[in-house]
Amino acid sequence: METFQVVVLALIQGLTEFLPISSSAHLILPAQLLGWPDQGLSFDVAVNTGSLLAVVIYFRRELWTMAGAWSVSIVKRESSAESKLAWWIILATIPAIICGFAFKDFISTNLRSSAVIATTTIVFGLLLWWADYAGKRQLSEYQTGWRKALFIGVAQALALIPGTSRSGATMTAGLMLGLTREAAARFSFLMSVPVSLGAAILVTKDLLENPAAIDTHALILGTVLSFISAYACIHYFLKIISKMGMLPFVIYRLALGLFLVGFLLVV
């Protein structure tokens with residue numbers, strides 16, 4: 001890949017991974033709209049690793065506390081708010097793992113198209129607007145409970161469909177269930193850690209089974225840019241989301257979806 005393409009795709013991954021606008025859609029669209037060559041599995045691993053490192057480092061204190069409390073809950077059978085949250089995140093990860101293994105090939109073969117992305121971008125954008133408008137927004141992430149966590153996990157599994165947005169689907173589900181905007185975002189970000197790690201492992205496995213020439217410069221640059229942009233995105237999103245709400249992202253999704261519909265009608 002050319003350096004310009006590396007920069008654009010890495011920034012897209014970092015900025016859109018944690019916003020409710022679908023990173024997978026934005027990574028697919030440049031190739032389909034601009035005729036860029038596919039970035040390849042190795043680059044996917046690199047930018048995914050960058051965004052994973054960003055969320056782990058940003059939430060390092062919370063993750064460390066949760067990991068310790070989770071261990072205590074197993075060894076000493078002592079429960080706490082942090083251990084419950086850890087268990088809920090583990091539970092919420094299970095639907096995506098099951099669906100990922102069951103439908104990975106079908107999705108990659110049949111659903112990575114502009115038509116699918118246009119549809120899911122619009123439909124799930126409207127759902128995000130409704131959830132933000134109608135949700136009670138009273139609960140913290142520590143008041144989620146296992147049933148709500150499982151529901152959010154099912155929403156995350158739906159986000160395997162390009163254009164849906166993992167962050168968007170999980171935040172939508174959280175808002176529907178009464179979480180505040182900040183709590184829905186934090187729960188979504190914490191959920192991304194095991195899912196992103198699992199995705200990286202799967203893609204790395206595919207890469208090892210299908211070795212190809214690796215552009216070291218592109219991988220390093222992509223990882224660094226993805227990390228920086230993802231970290232900044234998480235930081236500022238959490239600071240402004242309570243005041244800004246989800247409407248700007250809904251408008252963006254609708255505009256993008258309608259643009260894609262128009263593009264498909266023209267071509």
# chains A, B, ... in the order shown; residues from 1 in each chain; ligands from 1
call {"tool": "residues_around", "arguments": {"residues": "region 20-35 of chain A", "least_positions_apart": "2", "cutoff": "7 Å", "atoms": "only C-alpha atoms", "output": "ChimeraX atom specification"}}
result
/A:9,12-13,16-18,37-38,117,162-168,249,253
call {"tool": "write_last_selection", "arguments": {"atoms": "C-alpha atoms", "output": "tab-separated table (two decimals), in the first residue's frame"}}
result
chain	number	residue	atom	x	y	z
A	9	LEU	CA	-7.06	3.55	6.76
A	12	ILE	CA	-10.28	5.54	9.98
A	13	GLN	CA	-9.82	2.44	12.14
A	16	THR	CA	-14.36	4.84	14.00
A	17	GLU	CA	-13.66	1.75	16.14
A	18	PHE	CA	-15.18	3.35	19.23
A	37	PRO	CA	-6.46	-2.51	-3.28
A	38	ASP	CA	-7.51	-4.62	-0.32
A	117	ILE	CA	-23.59	-1.33	4.52
A	162	PRO	CA	-20.72	-4.70	8.21
A	163	GLY	CA	-22.21	-1.25	8.71
A	164	THR	CA	-23.96	-2.13	11.95
A	165	SER	CA	-21.14	-0.83	14.21
A	166	ARG	CA	-20.09	-2.79	17.28
A	167	SER	CA	-19.97	0.36	19.39
A	168	GLY	CA	-23.23	1.61	17.94
A	249	PHE	CA	-23.73	10.32	14.87
A	253	ARG	CA	-25.07	7.58	9.61
call {"tool": "residues_around", "arguments": {"residues": "Arg181 (chain A)", "least_positions_apart": "4", "cutoff": "12 Å", "atoms": "only C-alpha atoms", "output": "ChimeraX atom specification"}}
result
/A:128,131-133,135-141,168,170-177,185-188,237-246
call {"tool": "write_last_selection", "arguments": {"atoms": "C-alpha atoms", "output": "PDB file, in the first residue's frame"}}
result
ATOM      1  CA  LEU A 128     -29.564   4.533  17.927  1.00  0.00           C
ATOM      2  CA  ALA A 131     -32.687   4.474  22.047  1.00  0.00           C
ATOM      3  CA  ASP A 132     -31.041   7.800  22.886  1.00  0.00           C
ATOM      4  CA  TYR A 133     -34.385   9.601  22.744  1.00  0.00           C
ATOM      5  CA  GLY A 135     -33.991   5.598  27.053  1.00  0.00           C
ATOM      6  CA  LYS A 136     -34.328   6.499  30.734  1.00  0.00           C
ATOM      7  CA  ARG A 137     -30.551   6.981  31.122  1.00  0.00           C
ATOM      8  CA  GLN A 138     -30.437   6.270  34.864  1.00  0.00           C
ATOM      9  CA  LEU A 139     -28.175   3.241  35.403  1.00  0.00           C
ATOM     10  CA  SER A 140     -24.391   2.958  35.655  1.00  0.00           C
ATOM     11  CA  GLU A 141     -22.421   0.091  34.156  1.00  0.00           C
ATOM     12  CA  GLY A 168     -23.232   1.610  17.937  1.00  0.00           C
ATOM     13  CA  THR A 170     -23.876  -2.090  22.101  1.00  0.00           C
ATOM     14  CA  MET A 171     -24.493   1.556  23.028  1.00  0.00           C
ATOM     15  CA  THR A 172     -27.963   1.342  21.483  1.00  0.00           C
ATOM     16  CA  ALA A 173     -28.733  -1.756  23.562  1.00  0.00           C
ATOM     17  CA  GLY A 174     -27.344  -0.136  26.707  1.00  0.00           C
ATOM     18  CA  LEU A 175     -29.446   2.993  26.203  1.00  0.00           C
ATOM     19  CA  MET A 176     -32.540   0.865  25.559  1.00  0.00           C
ATOM     20  CA  LEU A 177     -31.961  -0.836  28.901  1.00  0.00           C
ATOM     21  CA  ALA A 185     -20.148   3.927  26.228  1.00  0.00           C
ATOM     22  CA  ARG A 186     -17.861   2.641  29.008  1.00  0.00           C
ATOM     23  CA  PHE A 187     -19.520  -0.795  28.998  1.00  0.00           C
ATOM     24  CA  SER A 188     -19.165  -0.904  25.218  1.00  0.00           C
ATOM     25  CA  PHE A 237     -16.007  10.903  23.265  1.00  0.00           C
ATOM     26  CA  LEU A 238     -16.477  10.177  26.972  1.00  0.00           C
ATOM     27  CA  LYS A 239     -16.056  13.869  27.812  1.00  0.00           C
ATOM     28  CA  ILE A 240     -18.661  15.205  25.392  1.00  0.00           C
ATOM     29  CA  ILE A 241     -21.204  12.421  24.996  1.00  0.00           C
ATOM     30  CA  SER A 242     -23.400  13.443  27.971  1.00  0.00           C
ATOM     31  CA  LYS A 243     -23.922  16.913  26.491  1.00  0.00           C
ATOM     32  CA  MET A 244     -23.789  16.118  22.795  1.00  0.00           C
ATOM     33  CA  GLY A 245     -25.881  12.953  22.774  1.00  0.00           C
ATOM     34  CA  MET A 246     -26.059  10.545  19.844  1.00  0.00           C
TER      35      MET A 246
END
call {"tool": "select_by_dssp", "arguments": {"residues": "region 88-153 of chain A", "states": "alpha helix (DSSP H)", "output": "PyMOL selection string"}}
result
chain A and resi 88-110+114-134+145-153
call {"tool": "closest_residue", "arguments": {"among": "A:Ile98, A:Ala10, A:Ala200, A:Met1", "to": "Leu225 (chain A)", "atoms": "only C-alpha atoms"}}
result
A:Ala10
call {"tool": "closest_atom_pairs", "arguments": {"of": "region 120-157 of chain A", "to": "region 76-85 of chain A", "cutoff": "12 Å", "atoms": "only C-alpha atoms", "output": "JSON lines"}}
result
{"residue": "A:Ser140", "atom": "CA", "partner": "A:Leu85", "partner_atom": "CA", "distance": 10.7}
{"residue": "A:Glu141", "atom": "CA", "partner": "A:Leu85", "partner_atom": "CA", "distance": 7.5}
{"residue": "A:Tyr142", "atom": "CA", "partner": "A:Leu85", "partner_atom": "CA", "distance": 6.1}
{"residue": "A:Gln143", "atom": "CA", "partner": "A:Leu85", "partner_atom": "CA", "distance": 8.6}
{"residue": "A:Thr144", "atom": "CA", "partner": "A:Leu85", "partner_atom": "CA", "distance": 7.9}
{"residue": "A:Gly145", "atom": "CA", "partner": "A:Lys84", "partner_atom": "CA", "distance": 8.0}
{"residue": "A:Trp146", "atom": "CA", "partner": "A:Lys84", "partner_atom": "CA", "distance": 8.6}
{"residue": "A:Lys148", "atom": "CA", "partner": "A:Leu85", "partner_atom": "CA", "distance": 11.5}
{"residue": "A:Ala149", "atom": "CA", "partner": "A:Leu85", "partner_atom": "CA", "distance": 9.1}
call {"tool": "write_last_selection", "arguments": {"atoms": "all heavy atoms", "output": "PDB file, in the first residue's frame"}}
result
ATOM      1  N   SER A 140     -25.820   3.009  35.951  1.00  0.00           N
ATOM      2  CA  SER A 140     -24.391   2.958  35.655  1.00  0.00           C
ATOM      3  C   SER A 140     -24.052   1.572  35.131  1.00  0.00           C
ATOM      4  O   SER A 140     -24.885   0.650  35.181  1.00  0.00           O
ATOM      5  CB  SER A 140     -23.572   3.249  36.912  1.00  0.00           C
ATOM      6  OG  SER A 140     -23.587   2.132  37.790  1.00  0.00           O
ATOM      7  N   GLU A 141     -22.832   1.407  34.649  1.00  0.00           N
ATOM      8  CA  GLU A 141     -22.421   0.091  34.156  1.00  0.00           C
ATOM      9  C   GLU A 141     -22.400  -0.953  35.265  1.00  0.00           C
ATOM     10  O   GLU A 141     -22.523  -2.150  35.014  1.00  0.00           O
ATOM     11  CB  GLU A 141     -21.056   0.167  33.463  1.00  0.00           C
ATOM     12  CG  GLU A 141     -19.918   0.571  34.365  1.00  0.00           C
ATOM     13  CD  GLU A 141     -19.685   2.069  34.378  1.00  0.00           C
ATOM     14  OE1 GLU A 141     -20.676   2.832  34.266  1.00  0.00           O
ATOM     15  OE2 GLU A 141     -18.522   2.474  34.498  1.00  0.00           O
ATOM     16  N   TYR A 142     -22.288  -0.510  36.519  1.00  0.00           N
ATOM     17  CA  TYR A 142     -22.261  -1.435  37.643  1.00  0.00           C
ATOM     18  C   TYR A 142     -23.661  -1.908  38.042  1.00  0.00           C
ATOM     19  O   TYR A 142     -23.801  -2.753  38.927  1.00  0.00           O
ATOM     20  CB  TYR A 142     -21.586  -0.773  38.850  1.00  0.00           C
ATOM     21  CG  TYR A 142     -20.114  -0.535  38.650  1.00  0.00           C
ATOM     22  CD1 TYR A 142     -19.643   0.720  38.265  1.00  0.00           C
ATOM     23  CD2 TYR A 142     -19.189  -1.559  38.822  1.00  0.00           C
ATOM     24  CE1 TYR A 142     -18.287   0.935  38.063  1.00  0.00           C
ATOM     25  CE2 TYR A 142     -17.838  -1.352  38.624  1.00  0.00           C
ATOM     26  CZ  TYR A 142     -17.400  -0.096  38.242  1.00  0.00           C
ATOM     27  OH  TYR A 142     -16.056   0.108  38.041  1.00  0.00           O
ATOM     28  N   GLN A 143     -24.675  -1.355  37.386  1.00  0.00           N
ATOM     29  CA  GLN A 143     -26.063  -1.769  37.632  1.00  0.00           C
ATOM     30  C   GLN A 143     -26.634  -2.534  36.441  1.00  0.00           C
ATOM     31  O   GLN A 143     -27.840  -2.684  36.318  1.00  0.00           O
ATOM     32  CB  GLN A 143     -26.921  -0.533  37.901  1.00  0.00           C
ATOM     33  CG  GLN A 143     -26.533   0.234  39.158  1.00  0.00           C
ATOM     34  CD  GLN A 143     -27.284   1.551  39.280  1.00  0.00           C
ATOM     35  OE1 GLN A 143     -27.045   2.493  38.523  1.00  0.00           O
ATOM     36  NE2 GLN A 143     -28.201   1.621  40.218  1.00  0.00           N
ATOM     37  N   THR A 144     -25.761  -3.051  35.617  1.00  0.00           N
ATOM     38  CA  THR A 144     -26.215  -3.699  34.385  1.00  0.00           C
ATOM     39  C   THR A 144     -26.969  -4.993  34.664  1.00  0.00           C
ATOM     40  O   THR A 144     -28.098  -5.189  34.203  1.00  0.00           O
ATOM     41  CB  THR A 144     -25.012  -3.995  33.469  1.00  0.00           C
ATOM     42  OG1 THR A 144     -24.318  -2.776  33.198  1.00  0.00           O
ATOM     43  CG2 THR A 144     -25.476  -4.611  32.167  1.00  0.00           C
ATOM     44  N   GLY A 145     -26.361  -5.915  35.419  1.00  0.00           N
ATOM     45  CA  GLY A 145     -26.996  -7.212  35.659  1.00  0.00           C
ATOM     46  C   GLY A 145     -26.744  -8.167  34.506  1.00  0.00           C
ATOM     47  O   GLY A 145     -26.444  -7.754  33.382  1.00  0.00           O
ATOM     48  N   TRP A 146     -26.892  -9.450  34.781  1.00  0.00           N
ATOM     49  CA  TRP A 146     -26.513 -10.441  33.762  1.00  0.00           C
ATOM     50  C   TRP A 146     -27.482 -10.467  32.581  1.00  0.00           C
ATOM     51  O   TRP A 146     -27.073 -10.707  31.444  1.00  0.00           O
ATOM     52  CB  TRP A 146     -26.361 -11.824  34.393  1.00  0.00           C
ATOM     53  CG  TRP A 146     -27.639 -12.509  34.787  1.00  0.00           C
ATOM     54  CD1 TRP A 146     -28.240 -12.481  36.009  1.00  0.00           C
ATOM     55  CD2 TRP A 146     -28.468 -13.339  33.959  1.00  0.00           C
ATOM     56  NE1 TRP A 146     -29.393 -13.233  36.003  1.00  0.00           N
ATOM     57  CE2 TRP A 146     -29.551 -13.780  34.762  1.00  0.00           C
ATOM     58  CE3 TRP A 146     -28.395 -13.757  32.636  1.00  0.00           C
ATOM     59  CZ2 TRP A 146     -30.554 -14.602  34.269  1.00  0.00           C
ATOM     60  CZ3 TRP A 146     -29.406 -14.575  32.140  1.00  0.00           C
ATOM     61  CH2 TRP A 146     -30.467 -14.999  32.954  1.00  0.00           C
ATOM     62  N   LYS A 148     -29.239  -7.905  31.282  1.00  0.00           N
ATOM     63  CA  LYS A 148     -28.925  -6.761  30.418  1.00  0.00           C
ATOM     64  C   LYS A 148     -27.599  -6.990  29.691  1.00  0.00           C
ATOM     65  O   LYS A 148     -27.449  -6.650  28.511  1.00  0.00           O
ATOM     66  CB  LYS A 148     -28.871  -5.469  31.240  1.00  0.00           C
ATOM     67  CG  LYS A 148     -30.221  -5.001  31.789  1.00  0.00           C
ATOM     68  CD  LYS A 148     -30.061  -3.687  32.517  1.00  0.00           C
ATOM     69  CE  LYS A 148     -31.418  -3.137  32.985  1.00  0.00           C
ATOM     70  NZ  LYS A 148     -32.059  -3.996  33.998  1.00  0.00           N
ATOM     71  N   ALA A 149     -26.622  -7.546  30.410  1.00  0.00           N
ATOM     72  CA  ALA A 149     -25.323  -7.816  29.791  1.00  0.00           C
ATOM     73  C   ALA A 149     -25.469  -8.789  28.621  1.00  0.00           C
ATOM     74  O   ALA A 149     -24.850  -8.603  27.559  1.00  0.00           O
ATOM     75  CB  ALA A 149     -24.359  -8.382  30.827  1.00  0.00           C
TER      76      ALA A 149
END
call {"tool": "closest_residue", "arguments": {"among": "A:Val267, A:Val116, A:Ala92, A:Ile220", "to": "Val195 (chain A)", "atoms": "only C-alpha atoms"}}
result
A:Ala92
call {"tool": "residues_around", "arguments": {"residues": "Ala115 (chain A)", "least_positions_apart": "3", "cutoff": "9 Å", "atoms": "only C-alpha atoms", "output": "MDAnalysis selection string"}}
result
chainID A and resid 111:112 118:120 260:261 264
call {"tool": "write_last_selection", "arguments": {"atoms": "N, CA, C and O atoms", "output": "tab-separated table (two decimals), in the first residue's frame"}}
result
chain	number	residue	atom	x	y	z
A	111	LEU	N	-21.83	-10.53	2.82
A	111	LEU	CA	-22.36	-9.31	3.42
A	111	LEU	C	-21.41	-8.11	3.37
A	111	LEU	O	-21.73	-7.06	3.91
A	112	ARG	N	-20.25	-8.26	2.74
A	112	ARG	CA	-19.31	-7.14	2.66
A	112	ARG	C	-19.56	-6.34	1.37
A	112	ARG	O	-18.72	-6.24	0.50
A	118	ALA	N	-25.10	0.18	3.35
A	118	ALA	CA	-26.07	1.28	3.28
A	118	ALA	C	-27.30	0.98	4.12
A	118	ALA	O	-27.80	1.83	4.87
A	119	THR	N	-27.80	-0.25	4.02
A	119	THR	CA	-29.00	-0.64	4.76
A	119	THR	C	-28.77	-0.63	6.26
A	119	THR	O	-29.55	-0.04	7.03
A	120	THR	N	-27.69	-1.29	6.71
A	120	THR	CA	-27.44	-1.38	8.14
A	120	THR	C	-27.07	-0.01	8.73
A	120	THR	O	-27.42	0.29	9.88
A	260	LEU	N	-24.64	6.34	0.01
A	260	LEU	CA	-24.36	5.03	-0.57
A	260	LEU	C	-25.51	4.55	-1.45
A	260	LEU	O	-25.30	3.95	-2.51
A	261	VAL	N	-26.74	4.82	-1.01
A	261	VAL	CA	-27.90	4.46	-1.83
A	261	VAL	C	-27.84	5.19	-3.16
A	261	VAL	O	-28.05	4.60	-4.24
A	264	LEU	N	-25.12	3.73	-5.37
A	264	LEU	CA	-25.50	2.46	-5.97
A	264	LEU	C	-26.49	2.64	-7.11
A	264	LEU	O	-26.45	1.90	-8.10
call {"tool": "atom_distance", "arguments": {"atom1": "CA of Leu150 (chain A)", "atom2": "CA of Leu63 (chain A)"}}
result
19.7 Å
